[in-house]
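Everything below concerns the one structure shown next.
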Amino acid sequence: MRCPFCGGEETQVKDSRPTEDNTTIRRRRICSTCGGRFTTFERVQLRELMVLKRSGRRVPFDREKLMRSVQIAVRKRPVDPDLIERMVSGIVRQLESSGESEVTAETVGNHVMEGLKGIDDVAYVRFASVYKNFREAKDFEALLDELNVPDGHPLKDD
Ligand SMILES: [Zn+2]
C-alpha cells in the first residue's frame, strides 16, 4: 500500500480490527519511509465472492454463469427478459449485501428457485430438476403436485 504522503511503497500495518458490524476491516498503517500514518479499509467485493460447490470445490461467483443457467430454464418461455435481468440483479444484490465472502451453491440455487417460482412455473421446474439433480420420477411428481402443472410434461421443449 503506497504511502499517501511520500509515495513510499513500504508501509506496516500497526493495527487491524473489524468495524462494529463486521463487514469491514480497518487497518492503521505507518509508512517506513516518512513515518506518516494512515488508515485503510478492507471490504468484501462481489467479484471476490466465492461459491462453495457440493463437490467441495470453490469457484469465483460469476454473474454471467448464473444468468446462463437461468436463461436455459426460461428458454422458449413467454418470459420478459427484463424480468429475468432484474431477478438476477436482485439475487446478486442479496448475495452482496449478506457481507459474506463465501456462499454455498445451494444458497444461490435457492435464490434462483425462489425468483423463478414467481415468474414462470415451467422455468422453475426446469431449473429445480437440474439444480436438485432429480433422478427419480417421484421427485418430479412431488414438485408438480406442489405447482399443480396440468400437462405433467413441463420439461418438454415445445
Ligand atoms: Zn511516507
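Chains: A, B, ... in order of the C-alpha cells. Residues: from 1 per chain. Ligands: from 1, in order shown.
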Discussion item. Counting only C-alpha atoms and all ligand atoms, what are the residues, protein, DNA or RNA alike, that approach ligand 1 to within 12 Å? I want them as an MDAnalysis selection string.
Written reply: chainID A and resid 1:12 29:38
Worksheet item: So what do you get for CA of Lys132 (chain A) versus CA of Val92 (chain A), distance-wise?
Response: 20.7 Å
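Here the residues within region 45-119 of chain A that DSSP labels strand (DSSP E) on the basis of the backbone are Met50, Val51, Leu52, Arg58, Val59, Pro60, Glu102, Val103 and Thr104 of chain A.
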Export of the given selection (C-alpha atoms) as a compact mmCIF listing (two decimals), in the first residue's frame:
# COMPACT_ATOMS: atom_id res chain seq x y z
CA MET A 50 -16.62 -17.47 -3.72
CA VAL A 51 -19.17 -20.16 -4.33
CA LEU A 52 -18.70 -23.41 -2.45
CA ARG A 58 -14.62 -23.22 -4.57
CA VAL A 59 -15.13 -21.12 -7.67
CA PRO A 60 -15.43 -17.34 -8.02
CA GLU A 102 -18.40 -17.28 0.53
CA VAL A 103 -21.82 -18.70 -0.30
CA THR A 104 -22.85 -22.26 -1.00
Practice prompt. State, in Å with one decimal place, the distance from CA of Ala105 (chain A) to CA of Arg54 (chain A).
Written response: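 Computed distance, CA of Ala105 (chain A) to CA of Arg54 (chain A), equals 6.9 Å.
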Worksheet item: In Å, how far is it from CA of Ser69 (chain A) to CA of Met113 (chain A)?
Response: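 Spanning CA of Ser69 (chain A) to CA of Met113 (chain A) is a straight-line distance of 11.5 Å.
Each of A:Ile25, A:Val13, A:Val79, A:Ala73 was compared to Ser129 (chain A) using only C-alpha atoms, and A:Ala73 turns out to be the nearest.
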Discussion item. For the alpha helix (DSSP H) assignment from backbone DSSP, which residues of chain A qualify? Please present them as a PyMOL selection string.
Written reply: chain A and resi 63-74+81-97+105-117+121-131+137-147
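The environment of Arg68 (chain A) within 12 Å, counting only C-alpha atoms and disregarding residues fewer than 6 places along the same chain, consists of Asp62, Val74, Arg75, Ile84, Glu85, Val88, Val112 and Phe127 of chain A.
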